[in-house]
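Structure file start_3.cif (mmCIF, C-alpha atoms, pLDDT in the B column; chains and numbers go by the auth columns) follows.
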```cif
data_protein
#
loop_
_atom_site.group_PDB
_atom_site.id
_atom_site.type_symbol
_atom_site.label_atom_id
_atom_site.label_comp_id
_atom_site.label_asym_id
_atom_site.label_seq_id
_atom_site.Cartn_x
_atom_site.Cartn_y
_atom_site.Cartn_z
_atom_site.B_iso_or_equiv
_atom_site.auth_seq_id
_atom_site.auth_asym_id
ATOM 1 C CA MET A 1 -2.150 15.653 14.510 65.00 1 Q
ATOM 2 C CA GLY A 2 -3.906 12.383 15.342 84.00 2 Q
ATOM 3 C CA TRP A 3 -2.718 9.211 17.031 78.00 3 Q
ATOM 4 C CA LEU A 4 -1.729 7.656 13.707 81.00 4 Q
ATOM 5 C CA ASP A 5 0.521 10.560 12.713 87.00 5 Q
ATOM 6 C CA ARG A 6 2.218 10.399 16.087 89.00 6 Q
ATOM 7 C CA LEU A 7 2.558 6.626 16.498 92.00 7 Q
ATOM 8 C CA LEU A 8 3.103 5.293 12.961 93.00 8 Q
ATOM 9 C CA PRO A 9 6.787 6.293 12.783 94.00 9 Q
ATOM 10 C CA GLU A 10 7.405 4.807 16.248 94.00 10 Q
ATOM 11 C CA VAL A 11 5.836 1.451 15.346 96.00 11 Q
ATOM 12 C CA LEU A 12 7.778 1.217 12.080 95.00 12 Q
ATOM 13 C CA ALA A 13 11.118 2.211 13.623 95.00 13 Q
ATOM 14 C CA ASN A 14 10.825 0.359 16.915 95.00 14 Q
ATOM 15 C CA PRO A 15 8.144 -2.380 17.025 95.00 15 Q
ATOM 16 C CA ASP A 16 7.676 -4.595 20.066 95.00 16 Q
ATOM 17 C CA GLU A 17 7.115 -7.569 17.781 94.00 17 Q
ATOM 18 C CA VAL A 18 6.623 -8.588 14.167 94.00 18 Q
ATOM 19 C CA ARG A 19 4.172 -11.285 13.092 94.00 19 Q
ATOM 20 C CA LEU A 20 3.680 -12.979 9.741 92.00 20 Q
ATOM 21 C CA SER A 21 0.222 -12.622 8.249 91.00 21 Q
ATOM 22 C CA ARG A 22 -1.822 -15.794 7.888 89.00 22 Q
ATOM 23 C CA ARG A 23 -3.852 -14.216 5.070 88.00 23 Q
ATOM 24 C CA PHE A 24 -1.102 -12.803 2.867 86.00 24 Q
ATOM 25 C CA ALA A 25 2.319 -14.423 2.516 85.00 25 Q
ATOM 26 C CA SER A 26 3.987 -11.101 1.710 88.00 26 Q
ATOM 27 C CA ALA A 27 2.515 -9.175 4.678 92.00 27 Q
ATOM 28 C CA SER A 28 4.007 -8.514 8.102 93.00 28 Q
ATOM 29 C CA LEU A 29 2.226 -7.075 11.133 95.00 29 Q
ATOM 30 C CA LEU A 30 4.396 -4.733 13.192 95.00 30 Q
ATOM 31 C CA SER A 31 3.020 -3.974 16.638 95.00 31 Q
ATOM 32 C CA ARG A 32 3.811 -1.784 19.596 96.00 32 Q
ATOM 33 C CA TRP A 33 2.045 -1.431 22.963 95.00 33 Q
ATOM 34 C CA GLU A 34 0.996 2.126 23.773 94.00 34 Q
ATOM 35 C CA ASN A 35 -0.083 2.950 27.331 92.00 35 Q
ATOM 36 C CA THR A 36 -1.283 6.412 26.304 87.00 36 Q
ATOM 37 C CA LEU A 37 -3.751 5.211 23.687 86.00 37 Q
ATOM 38 C CA ARG A 38 -7.249 4.451 25.015 82.00 38 Q
ATOM 39 C CA ASP A 39 -5.995 3.183 28.385 88.00 39 Q
ATOM 40 C CA GLY A 40 -3.462 0.892 26.688 94.00 40 Q
ATOM 41 C CA LYS A 41 -3.714 -0.741 23.265 95.00 41 Q
ATOM 42 C CA HIS A 42 -1.555 -2.426 20.663 95.00 42 Q
ATOM 43 C CA VAL A 43 -0.942 -0.336 17.554 96.00 43 Q
ATOM 44 C CA VAL A 44 -0.584 -2.642 14.532 96.00 44 Q
ATOM 45 C CA VAL A 45 0.791 -1.590 11.147 96.00 45 Q
ATOM 46 C CA VAL A 46 0.410 -4.030 8.234 95.00 46 Q
ATOM 47 C CA VAL A 47 3.230 -3.829 5.691 95.00 47 Q
ATOM 48 C CA VAL A 48 3.342 -5.702 2.379 94.00 48 Q
ATOM 49 C CA GLN A 49 6.625 -6.390 0.606 87.00 49 Q
ATOM 50 C CA GLU A 50 6.831 -6.581 -3.178 77.00 50 Q
ATOM 51 C CA GLU A 51 7.293 -10.217 -4.148 71.00 51 Q
ATOM 52 C CA SER A 52 9.615 -9.729 -7.120 68.00 52 Q
ATOM 53 C CA ALA A 53 13.143 -10.905 -6.423 59.00 53 Q
ATOM 54 C CA GLY A 54 15.586 -8.225 -5.393 64.00 54 Q
ATOM 55 C CA SER A 55 12.973 -5.558 -4.798 68.00 55 Q
ATOM 56 C CA GLY A 56 12.999 -3.875 -1.421 75.00 56 Q
ATOM 57 C CA ARG A 57 9.738 -1.989 -1.947 85.00 57 Q
ATOM 58 C CA ARG A 58 7.236 -2.080 0.900 89.00 58 Q
ATOM 59 C CA TRP A 59 3.788 -0.536 1.366 91.00 59 Q
ATOM 60 C CA ILE A 60 1.738 0.191 4.441 94.00 60 Q
ATOM 61 C CA ILE A 61 -1.724 -1.148 3.703 93.00 61 Q
ATOM 62 C CA THR A 62 -3.466 -0.407 7.011 94.00 62 Q
ATOM 63 C CA ALA A 63 -2.995 0.451 10.666 94.00 63 Q
ATOM 64 C CA TYR A 64 -5.308 -0.227 13.584 93.00 64 Q
ATOM 65 C CA VAL A 65 -5.531 -0.526 17.373 94.00 65 Q
ATOM 66 C CA THR A 66 -6.500 -3.680 19.250 94.00 66 Q
ATOM 67 C CA ASN A 67 -6.697 -5.117 22.760 93.00 67 Q
ATOM 68 C CA LYS A 68 -4.767 -8.279 21.900 91.00 68 Q
ATOM 69 C CA LEU A 69 -2.706 -9.692 19.058 89.00 69 Q
ATOM 70 C CA VAL A 70 -4.297 -12.759 17.509 79.00 70 Q
ATOM 71 C CA GLU A 71 -3.183 -13.103 13.905 76.00 71 Q
ATOM 72 C CA GLY A 72 0.029 -14.625 12.615 78.00 72 Q
ATOM 73 C CA ASP A 73 3.043 -16.433 13.935 78.00 73 Q
ATOM 74 C CA GLN A 74 5.586 -14.318 15.751 81.00 74 Q
ATOM 75 C CA SER A 75 8.699 -13.862 13.629 82.00 75 Q
ATOM 76 C CA TRP A 76 10.524 -11.334 15.782 71.00 76 Q
ATOM 77 C CA PRO A 77 10.053 -10.361 19.439 77.00 77 Q
ATOM 78 C CA ARG A 78 11.770 -7.508 21.236 76.00 78 Q
ATOM 79 C CA ALA A 79 14.406 -8.984 23.542 64.00 79 Q
#
```

Serialized structure, structure tokens:
Amino acid sequence: MGWLDRLLPEVLANPDEVRLSRRFASASLLSRWENTLRDGKHVVVVVVQEESAGSGRRWIITAYVTNKLVEGDQSWPRA
């Protein structure tokens, strides 16, 4: 079991913040800081929501680790 298998559910269920993608209007970037991953990194999961009205379908299109969050405007921070 790799880092993605372990951390993906945690990021989706309990992100530290959500940002709106600047590239894709229907994409959100959910992130969570993980101290145990490579001496501390942000885990980012990019989720796209179907644009048709009334549809609640969402897809994970990628996940990655990064030192700092740079893309998108913050839409939801953890209080």

Apply the PyMOL selection byres ((chain Q and resi 28) around 7) to the displayed file and report the matching residues as a ChimeraX atom specification. /Q:18-21,26-27,29-30,46-48

May I have the residues within 7 Å of Q:Pro15 as a PDB file with C-alpha atoms, in the coordinates of the input, using only C-alpha atoms and disregarding those fewer than 4 positions away in the same chain?
```
ATOM      1  CA  VAL Q  11       5.836   1.451  15.346  1.00 96.00           C
ATOM      2  CA  LEU Q  30       4.396  -4.733  13.192  1.00 95.00           C
ATOM      3  CA  SER Q  31       3.020  -3.974  16.638  1.00 95.00           C
ATOM      4  CA  ARG Q  32       3.811  -1.784  19.596  1.00 96.00           C
TER       5      ARG Q  32
END
```

Output check: residues returned by the PyMOL selection byres ((chain Q and resi 56-68) around 12), as a ChimeraX atom specification: /Q:3-5,7-9,11-12,24,26-35,37-55,69-71
